[in-house]
$ cat run-v9.csv   # CSV, C-alpha atoms and all ligand atoms
chain,number,residue,atom,x,y,z
Q,17,MET,CA,92.3,87.8,118.0
Q,18,PHE,CA,90.0,87.2,115.0
Q,19,VAL,CA,89.3,90.0,112.6
Q,20,ILE,CA,86.7,89.6,109.7
Q,21,VAL,CA,87.0,92.3,107.0
Q,22,LEU,CA,83.7,92.7,105.2
Q,23,GLY,CA,82.6,94.9,102.3
Q,24,ALA,CA,81.8,95.0,98.6
Q,25,PRO,CA,84.3,93.8,95.9
Q,26,GLY,CA,86.9,96.5,95.4
Q,27,VAL,CA,86.4,98.2,98.7
Q,28,GLY,CA,90.0,97.4,99.8
Q,29,LYS,CA,89.4,94.4,102.0
Q,30,GLY,CA,92.6,92.6,100.8
Q,31,THR,CA,94.8,95.7,101.3
Q,32,GLN,CA,93.5,96.4,104.8
Q,33,ALA,CA,93.4,92.7,105.8
Q,34,ASN,CA,97.1,92.5,104.9
Q,35,LEU,CA,98.0,95.6,107.0
Q,36,LEU,CA,96.0,94.2,110.0
Q,37,SER,CA,97.7,90.9,109.6
Q,38,GLN,CA,101.1,92.6,110.0
Q,39,ALA,CA,99.9,94.8,112.9
Q,40,PHE,CA,98.6,92.0,115.0
Q,41,THR,CA,101.0,89.3,113.7
Q,42,ILE,CA,98.2,86.9,112.7
Q,43,PRO,CA,97.9,85.2,109.3
Q,44,HIS,CA,95.8,86.9,106.5
Q,45,ILE,CA,93.4,84.3,105.3
Q,46,SER,CA,91.8,85.1,102.0
Q,47,THR,CA,89.3,82.7,100.5
Q,48,GLY,CA,90.8,83.1,97.0
Q,49,ASP,CA,94.4,82.3,98.2
Q,50,ILE,CA,93.1,79.3,100.2
Q,51,LEU,CA,91.3,77.9,97.3
Q,52,ARG,CA,94.4,78.4,95.1
Q,53,ASP,CA,96.7,76.8,97.7
Q,54,ALA,CA,94.3,73.9,98.2
Q,55,TYR,CA,94.5,73.3,94.4
Q,56,LYS,CA,98.2,73.7,94.3
Q,57,ASN,CA,98.5,71.1,97.1
Q,58,GLN,CA,96.0,68.9,95.1
Q,59,THR,CA,93.8,68.3,98.1
Q,60,GLN,CA,90.4,66.8,97.3
Q,61,LEU,CA,88.5,69.9,98.2
Q,62,GLY,CA,91.0,72.0,96.2
Q,63,ILE,CA,90.6,70.0,93.0
Q,64,GLU,CA,86.8,70.1,93.3
Q,65,ALA,CA,86.8,73.9,93.9
Q,66,HIS,CA,89.1,74.5,90.9
Q,67,ARG,CA,86.9,72.3,88.7
Q,68,LEU,CA,83.9,74.5,89.6
Q,69,ILE,CA,85.6,77.9,89.3
Q,70,SER,CA,87.2,77.1,86.0
Q,71,LYS,CA,83.7,76.4,84.6
Q,72,GLY,CA,82.5,79.8,85.9
Q,73,ASN,CA,80.5,78.2,88.7
Q,74,PHE,CA,80.3,79.2,92.3
Q,75,VAL,CA,82.0,77.2,95.0
Q,76,PRO,CA,79.2,75.9,97.2
Q,77,ASP,CA,79.1,76.9,100.8
Q,78,GLU,CA,79.9,73.5,102.2
Q,79,LEU,CA,83.1,73.2,100.1
Q,80,VAL,CA,84.3,76.7,101.1
Q,81,ILE,CA,83.4,76.1,104.8
Q,82,GLY,CA,85.3,72.7,104.7
Q,83,ILE,CA,88.5,74.4,103.3
Q,84,ILE,CA,88.2,77.4,105.8
Q,85,LYS,CA,87.7,75.0,108.7
Q,86,GLU,CA,90.8,73.0,107.7
Q,87,THR,CA,92.8,76.2,107.6
Q,88,LEU,CA,91.5,77.6,110.9
Q,89,LEU,CA,92.5,74.4,112.7
Q,90,GLU,CA,96.1,74.7,111.5
Q,91,ASP,CA,98.8,75.6,114.1
Q,92,ARG,CA,99.6,78.9,112.5
Q,93,CYS,CA,96.1,80.1,113.2
Q,94,THR,CA,96.1,79.3,116.9
Q,95,ASN,CA,96.4,83.0,117.9
Q,96,GLY,CA,93.7,84.1,115.4
Q,97,VAL,CA,93.5,85.2,111.8
Q,98,VAL,CA,92.3,88.1,109.6
Q,99,LEU,CA,89.6,86.7,107.4
Q,100,ASP,CA,89.1,88.4,104.0
Q,101,GLY,CA,86.4,87.2,101.6
Q,102,PHE,CA,84.7,85.0,104.2
Q,103,PRO,CA,81.9,84.6,105.2
Q,104,ARG,CA,80.3,85.6,101.9
Q,105,THR,CA,76.9,84.1,102.5
Q,106,LEU,CA,74.5,83.8,105.5
Q,107,PRO,CA,75.0,80.0,105.8
Q,108,GLN,CA,78.8,80.5,105.9
Q,109,ALA,CA,78.4,83.2,108.6
Q,110,LYS,CA,76.2,80.8,110.7
Q,111,THR,CA,78.7,78.0,110.3
Q,112,LEU,CA,81.5,80.3,111.3
Q,113,ASP,CA,79.6,81.2,114.5
Q,114,ALA,CA,79.4,77.6,115.4
Q,115,LEU,CA,83.1,77.2,114.7
Q,116,PHE,CA,83.9,80.2,116.9
Q,117,ILE,CA,82.1,78.5,119.8
Q,118,GLU,CA,84.0,75.3,119.1
Q,119,LEU,CA,87.3,77.2,119.1
Q,120,ASN,CA,86.2,79.3,122.1
Q,121,THR,CA,87.0,82.5,120.3
Q,122,LYS,CA,87.0,85.6,122.5
Q,123,ASP,CA,88.4,88.6,120.7
Q,124,LEU,CA,86.4,88.9,117.5
Q,125,PHE,CA,86.3,92.2,115.5
Q,126,LEU,CA,84.1,92.7,112.5
Q,127,VAL,CA,85.3,95.5,110.2
Q,128,ASN,CA,82.8,96.7,107.6
Q,129,LEU,CA,84.3,98.8,104.8
Q,130,THR,CA,81.9,101.0,102.8
Q,131,VAL,CA,82.5,102.8,99.5
Q,132,GLY,CA,80.0,104.1,96.9
Q,133,ASP,CA,79.2,102.0,93.8
Q,134,GLU,CA,80.8,104.4,91.3
Q,135,GLU,CA,84.1,104.5,93.2
Q,136,ILE,CA,84.1,100.7,93.3
Q,137,ILE,CA,83.8,100.4,89.5
Q,138,ARG,CA,86.5,103.1,89.0
Q,139,ARG,CA,88.8,101.2,91.4
Q,140,LEU,CA,88.3,97.7,90.0
Q,141,THR,CA,88.6,98.6,86.4
Q,142,SER,CA,92.0,100.1,87.2
Q,143,ARG,CA,93.1,97.2,89.4
Q,144,ARG,CA,96.3,95.3,88.9
Q,145,THR,CA,97.4,92.1,90.8
Q,146,CYS,CA,101.0,90.8,91.2
Q,147,HIS,CA,101.6,87.3,89.8
Q,148,ASP,CA,104.4,86.7,92.3
Q,149,CYS,CA,103.4,88.1,95.7
Q,150,HIS,CA,99.6,88.4,95.1
Q,151,SER,CA,99.5,92.1,96.2
Q,152,VAL,CA,96.7,94.2,94.6
Q,153,PHE,CA,97.2,97.7,93.4
Q,154,SER,CA,95.2,100.4,91.8
Q,155,LEU,CA,96.7,102.3,88.8
Q,156,ILE,CA,95.4,105.4,90.7
Q,157,GLU,CA,98.2,104.8,93.2
Q,158,ILE,CA,101.1,103.3,91.2
Q,159,GLU,CA,102.8,103.7,87.9
Q,160,ASP,CA,101.6,101.6,85.0
Q,161,ASP,CA,105.0,100.0,84.2
Q,162,GLY,CA,104.2,96.5,85.2
Q,163,LYS,CA,106.6,96.5,88.1
Q,164,CYS,CA,105.4,95.4,91.5
Q,165,PRO,CA,106.2,98.0,94.2
Q,166,ILE,CA,106.1,95.4,96.9
Q,167,CYS,CA,108.3,92.5,95.7
Q,168,GLY,CA,109.9,94.3,92.8
Q,169,GLY,CA,108.9,91.7,90.2
Q,170,GLU,CA,109.3,93.0,86.6
Q,171,ASN,CA,106.2,92.6,84.4
Q,172,SER,CA,104.5,90.8,87.2
Q,173,LEU,CA,101.4,93.0,87.4
Q,174,PHE,CA,98.3,91.8,85.5
Q,175,HIS,CA,94.7,92.9,85.0
Q,176,ARG,CA,92.3,90.2,86.2
Q,177,SER,CA,90.0,89.1,83.5
Q,178,ASP,CA,87.1,89.4,86.0
Q,179,ASP,CA,87.8,93.1,86.5
Q,180,THR,CA,85.8,94.4,83.5
Q,181,GLU,CA,82.9,96.7,84.2
Q,182,GLU,CA,80.2,94.2,83.1
Q,183,VAL,CA,81.6,91.4,85.4
Q,184,ILE,CA,82.1,93.9,88.2
Q,185,LYS,CA,78.4,94.9,88.0
Q,186,LYS,CA,77.5,91.3,88.1
Q,187,ARG,CA,79.7,90.7,91.2
Q,188,MET,CA,78.2,93.7,92.9
Q,189,GLY,CA,74.7,92.3,92.3
Q,190,ILE,CA,75.8,89.0,93.9
Q,191,PHE,CA,77.3,90.9,96.8
Q,192,GLU,CA,74.0,92.7,97.4
Q,193,ASN,CA,72.0,89.5,97.2
Q,194,GLN,CA,74.4,87.2,99.2
Q,195,THR,CA,76.8,89.2,101.3
Q,196,LEU,CA,74.8,92.2,102.4
Q,197,PRO,CA,72.6,89.8,104.5
Q,198,VAL,CA,75.8,88.7,106.2
Q,199,ILE,CA,76.6,92.3,107.2
Q,200,ASN,CA,73.0,92.9,108.4
Q,201,TYR,CA,73.2,89.7,110.4
Q,202,TYR,CA,76.4,90.7,112.1
Q,203,ASP,CA,74.9,94.2,112.7
Q,204,GLU,CA,72.0,92.5,114.6
Q,205,THR,CA,74.0,89.9,116.5
Q,206,ARG,CA,77.4,91.6,117.2
Q,207,THR,CA,79.3,94.9,117.2
Q,208,LEU,CA,80.0,96.0,113.7
Q,209,ILE,CA,83.0,98.4,113.2
Q,210,THR,CA,82.0,100.5,110.1
Q,211,VAL,CA,84.7,102.5,108.4
Q,212,ASP,CA,84.6,104.8,105.3
Q,213,GLY,CA,86.7,102.9,102.7
Q,214,ALA,CA,86.7,105.9,100.3
Q,215,GLN,CA,89.6,107.5,102.4
Q,216,THR,CA,93.3,106.9,101.6
Q,217,ILE,CA,94.6,103.5,102.5
Q,218,ALA,CA,96.5,105.0,105.5
Q,219,ASN,CA,93.5,106.8,106.8
Q,220,VAL,CA,91.2,103.7,106.4
Q,221,TYR,CA,93.8,101.7,108.3
Q,222,GLN,CA,94.2,104.3,111.1
Q,223,ASP,CA,90.4,104.5,111.5
Q,224,ILE,CA,90.1,100.7,111.8
Q,225,ILE,CA,92.9,100.6,114.4
Q,226,THR,CA,91.3,103.4,116.5
Q,227,LYS,CA,87.9,101.8,116.4
Q,228,ILE,CA,89.2,98.3,117.2
Q,229,ASN,CA,91.0,99.8,120.3
Q,230,ALA,CA,87.9,101.6,121.3
Q,231,THR,CA,85.9,98.4,121.0
Q,232,LYS,CA,88.4,96.5,123.1
Q,233,LEU,CA,88.0,98.9,126.1
Q,301,ZN,ZN,104.7,91.4,93.9
$ encode --input "run-v9.csv" --output "C-alpha cells"
Amino acid sequence: MFVIVLGAPGVGKGTQANLLSQAFTIPHISTGDILRDAYKNQTQLGIEAHRLISKGNFVPDELVIGIIKETLLEDRCTNGVVLDGFPRTLPQAKTLDALFIELNTKDLFLVNLTVGDEEIIRRLTSRRTCHDCHSVFSLIEIEDDGKCPICGGENSLFHRSDDTEEVIKKRMGIFENQTLPVINYYDETRTLITVDGAQTIANVYQDIITKINATKL
C-alpha cells in the first residue's frame, strides 16, 4: 500500500509517517532523507541537489522527481511506501499520478494533517532533530538535555538552523503557494483523509488508522 502524508511544515508528517511505516511494514520515504542519501552516495542527482540546497535554492521538480522515481523502483519499495514531503508541488503530484499508473498502484491513501498557524510556529521553534537517527522531537514533549529518547545518543539533538520564526513564516508562505494546490488537487481527484494534527501524537495516529481502515472497506 502507498500512503502519502500531506500537511504544512511542522504539522507532524515525519512523526506520523514513521509510525505508519512501522504499522504497515513499508519504508518511510522522506524527500529530505532521500536527498541526503543521494548526496552521501554521491549520485549525480544527489550532488546536483546538494549544490542547489547549500546555496539556499530550491531543488527543481524534475530533480526531485528523478530521485523519488529511482527510490520507488527499488526492491524494498515493492510493497509500497509512506511518502513524506512529496509531492510538494502540483507538477510533482501529476508526475506521481503517472508513476502510480506505471506501477499499477491499487491501495493509495492520502492523509492530510491540519494544524493552525500559531501552533505550527510554536512547534517548529521548539523542534529538535537527532544527528544519529534523524528522529524529530518537540521540547514540548521531551527534556531539553540533548539526549535522544529514541536511539539514546548523548548530545545528539540539535536545533535546525531553518527552524527560526522568520524562516518558518517564509516556509509557510511557500507551502500555501505550492503545496496547498496539491492538497486541493487530491481533494478533487481522490479521497482525502483529513485528520486534526493538533491532537496528541497517539491520537493523531489512532485517527489516521481508523480512517484508513474505514476507507479500505
Ligand atoms: Zn536518535
$ atom_distance --input "run-v9.csv" --atom1 "atom CA of Asp133 of chain Q" --atom2 "atom CA of Asp148 of chain Q"
29.5 Å
$ closest_atom_pairs --input "run-v9.csv" --of "chain Q" --to "ligand ZN 301 (chain Q)" --cutoff "10 Å" --atoms "only C-alpha atoms and all ligand atoms" --output "tab-separated table"
residue	atom	partner	partner_atom	distance
Q:Thr145	CA	Q:ZN301	ZN	8.0
Q:Cys146	CA	Q:ZN301	ZN	4.6
Q:His147	CA	Q:ZN301	ZN	6.6
Q:Asp148	CA	Q:ZN301	ZN	5.0
Q:Cys149	CA	Q:ZN301	ZN	4.0
Q:His150	CA	Q:ZN301	ZN	6.0
Q:Ser151	CA	Q:ZN301	ZN	5.7
Q:Val152	CA	Q:ZN301	ZN	8.5
Q:Phe153	CA	Q:ZN301	ZN	9.8
Q:Lys163	CA	Q:ZN301	ZN	8.0
Q:Cys164	CA	Q:ZN301	ZN	4.7
Q:Pro165	CA	Q:ZN301	ZN	6.8
Q:Ile166	CA	Q:ZN301	ZN	5.2
Q:Cys167	CA	Q:ZN301	ZN	4.2
Q:Gly168	CA	Q:ZN301	ZN	6.1
Q:Gly169	CA	Q:ZN301	ZN	5.6
Q:Glu170	CA	Q:ZN301	ZN	8.8
Q:Asn171	CA	Q:ZN301	ZN	9.7
Q:Ser172	CA	Q:ZN301	ZN	6.7
Q:Leu173	CA	Q:ZN301	ZN	7.5
$ atom_distance --input "run-v9.csv" --atom1 "atom CA of Ser177 of chain Q" --atom2 "atom CA of Arg143 of chain Q"
10.5 Å
$ residues_around --input "run-v9.csv" --residues "Asn229 of chain Q" --least-positions-apart "4" --cutoff "12 Å" --atoms "all atoms listed in the file" --output "NGL selection string"
:Q and (123 or 125 or 209 or 222-225 or 233)
$ closest_residue --input "run-v9.csv" --among "Q:Gln60, Q:Asn34, Q:Thr141, Q:Gln194" --to "Asp77 of chain Q" --atoms "all atoms listed in the file"
Q:Gln194
$ decode --input "run-v9.csv" --residues "segment 196-213 of chain Q" --atoms "N, CA and C atoms" --output "PDB file, in the first residue's frame"
ATOM      1  N   LEU Q 196      -0.453  23.752  -1.026  1.00  0.00           N
ATOM      2  CA  LEU Q 196      -1.903  23.788  -0.863  1.00  0.00           C
ATOM      3  C   LEU Q 196      -2.620  23.396  -2.164  1.00  0.00           C
ATOM      4  N   PRO Q 197      -2.121  23.852  -3.341  1.00  0.00           N
ATOM      5  CA  PRO Q 197      -2.750  23.395  -4.597  1.00  0.00           C
ATOM      6  C   PRO Q 197      -2.691  21.870  -4.767  1.00  0.00           C
ATOM      7  N   VAL Q 198      -1.652  21.225  -4.208  1.00  0.00           N
ATOM      8  CA  VAL Q 198      -1.554  19.761  -4.289  1.00  0.00           C
ATOM      9  C   VAL Q 198      -2.689  19.132  -3.484  1.00  0.00           C
ATOM     10  N   ILE Q 199      -2.908  19.662  -2.272  1.00  0.00           N
ATOM     11  CA  ILE Q 199      -3.960  19.131  -1.406  1.00  0.00           C
ATOM     12  C   ILE Q 199      -5.327  19.344  -2.063  1.00  0.00           C
ATOM     13  N   ASN Q 200      -5.535  20.525  -2.647  1.00  0.00           N
ATOM     14  CA  ASN Q 200      -6.800  20.799  -3.342  1.00  0.00           C
ATOM     15  C   ASN Q 200      -6.986  19.869  -4.549  1.00  0.00           C
ATOM     16  N   TYR Q 201      -5.884  19.617  -5.239  1.00  0.00           N
ATOM     17  CA  TYR Q 201      -5.920  18.725  -6.407  1.00  0.00           C
ATOM     18  C   TYR Q 201      -6.335  17.311  -5.998  1.00  0.00           C
ATOM     19  N   TYR Q 202      -5.745  16.814  -4.917  1.00  0.00           N
ATOM     20  CA  TYR Q 202      -6.099  15.477  -4.431  1.00  0.00           C
ATOM     21  C   TYR Q 202      -7.533  15.445  -3.921  1.00  0.00           C
ATOM     22  N   ASP Q 203      -7.963  16.550  -3.315  1.00  0.00           N
ATOM     23  CA  ASP Q 203      -9.327  16.619  -2.792  1.00  0.00           C
ATOM     24  C   ASP Q 203     -10.331  16.481  -3.931  1.00  0.00           C
ATOM     25  N   GLU Q 204      -9.953  17.006  -5.116  1.00  0.00           N
ATOM     26  CA  GLU Q 204     -10.849  16.941  -6.272  1.00  0.00           C
ATOM     27  C   GLU Q 204     -10.782  15.596  -6.988  1.00  0.00           C
ATOM     28  N   THR Q 205      -9.596  14.960  -6.986  1.00  0.00           N
ATOM     29  CA  THR Q 205      -9.408  13.773  -7.812  1.00  0.00           C
ATOM     30  C   THR Q 205      -9.448  12.455  -7.041  1.00  0.00           C
ATOM     31  N   ARG Q 206      -9.209  12.497  -5.718  1.00  0.00           N
ATOM     32  CA  ARG Q 206      -9.164  11.264  -4.933  1.00  0.00           C
ATOM     33  C   ARG Q 206      -9.845  11.465  -3.583  1.00  0.00           C
ATOM     34  N   THR Q 207      -9.811  10.418  -2.753  1.00  0.00           N
ATOM     35  CA  THR Q 207     -10.364  10.536  -1.402  1.00  0.00           C
ATOM     36  C   THR Q 207      -9.280  11.025  -0.449  1.00  0.00           C
ATOM     37  N   LEU Q 208      -9.512  12.164   0.156  1.00  0.00           N
ATOM     38  CA  LEU Q 208      -8.544  12.745   1.066  1.00  0.00           C
ATOM     39  C   LEU Q 208      -8.959  12.424   2.509  1.00  0.00           C
ATOM     40  N   ILE Q 209      -8.026  11.839   3.272  1.00  0.00           N
ATOM     41  CA  ILE Q 209      -8.291  11.537   4.677  1.00  0.00           C
ATOM     42  C   ILE Q 209      -7.744  12.697   5.509  1.00  0.00           C
ATOM     43  N   THR Q 210      -8.631  13.549   6.003  1.00  0.00           N
ATOM     44  CA  THR Q 210      -8.178  14.726   6.761  1.00  0.00           C
ATOM     45  C   THR Q 210      -8.244  14.436   8.253  1.00  0.00           C
ATOM     46  N   VAL Q 211      -7.131  14.728   8.942  1.00  0.00           N
ATOM     47  CA  VAL Q 211      -7.030  14.446  10.374  1.00  0.00           C
ATOM     48  C   VAL Q 211      -6.522  15.695  11.096  1.00  0.00           C
ATOM     49  N   ASP Q 212      -7.111  15.978  12.249  1.00  0.00           N
ATOM     50  CA  ASP Q 212      -6.703  17.117  13.069  1.00  0.00           C
ATOM     51  C   ASP Q 212      -5.350  16.815  13.728  1.00  0.00           C
ATOM     52  N   GLY Q 213      -4.306  17.491  13.228  1.00  0.00           N
ATOM     53  CA  GLY Q 213      -2.948  17.236  13.704  1.00  0.00           C
ATOM     54  C   GLY Q 213      -2.610  17.927  15.008  1.00  0.00           C
TER      55      GLY Q 213
END
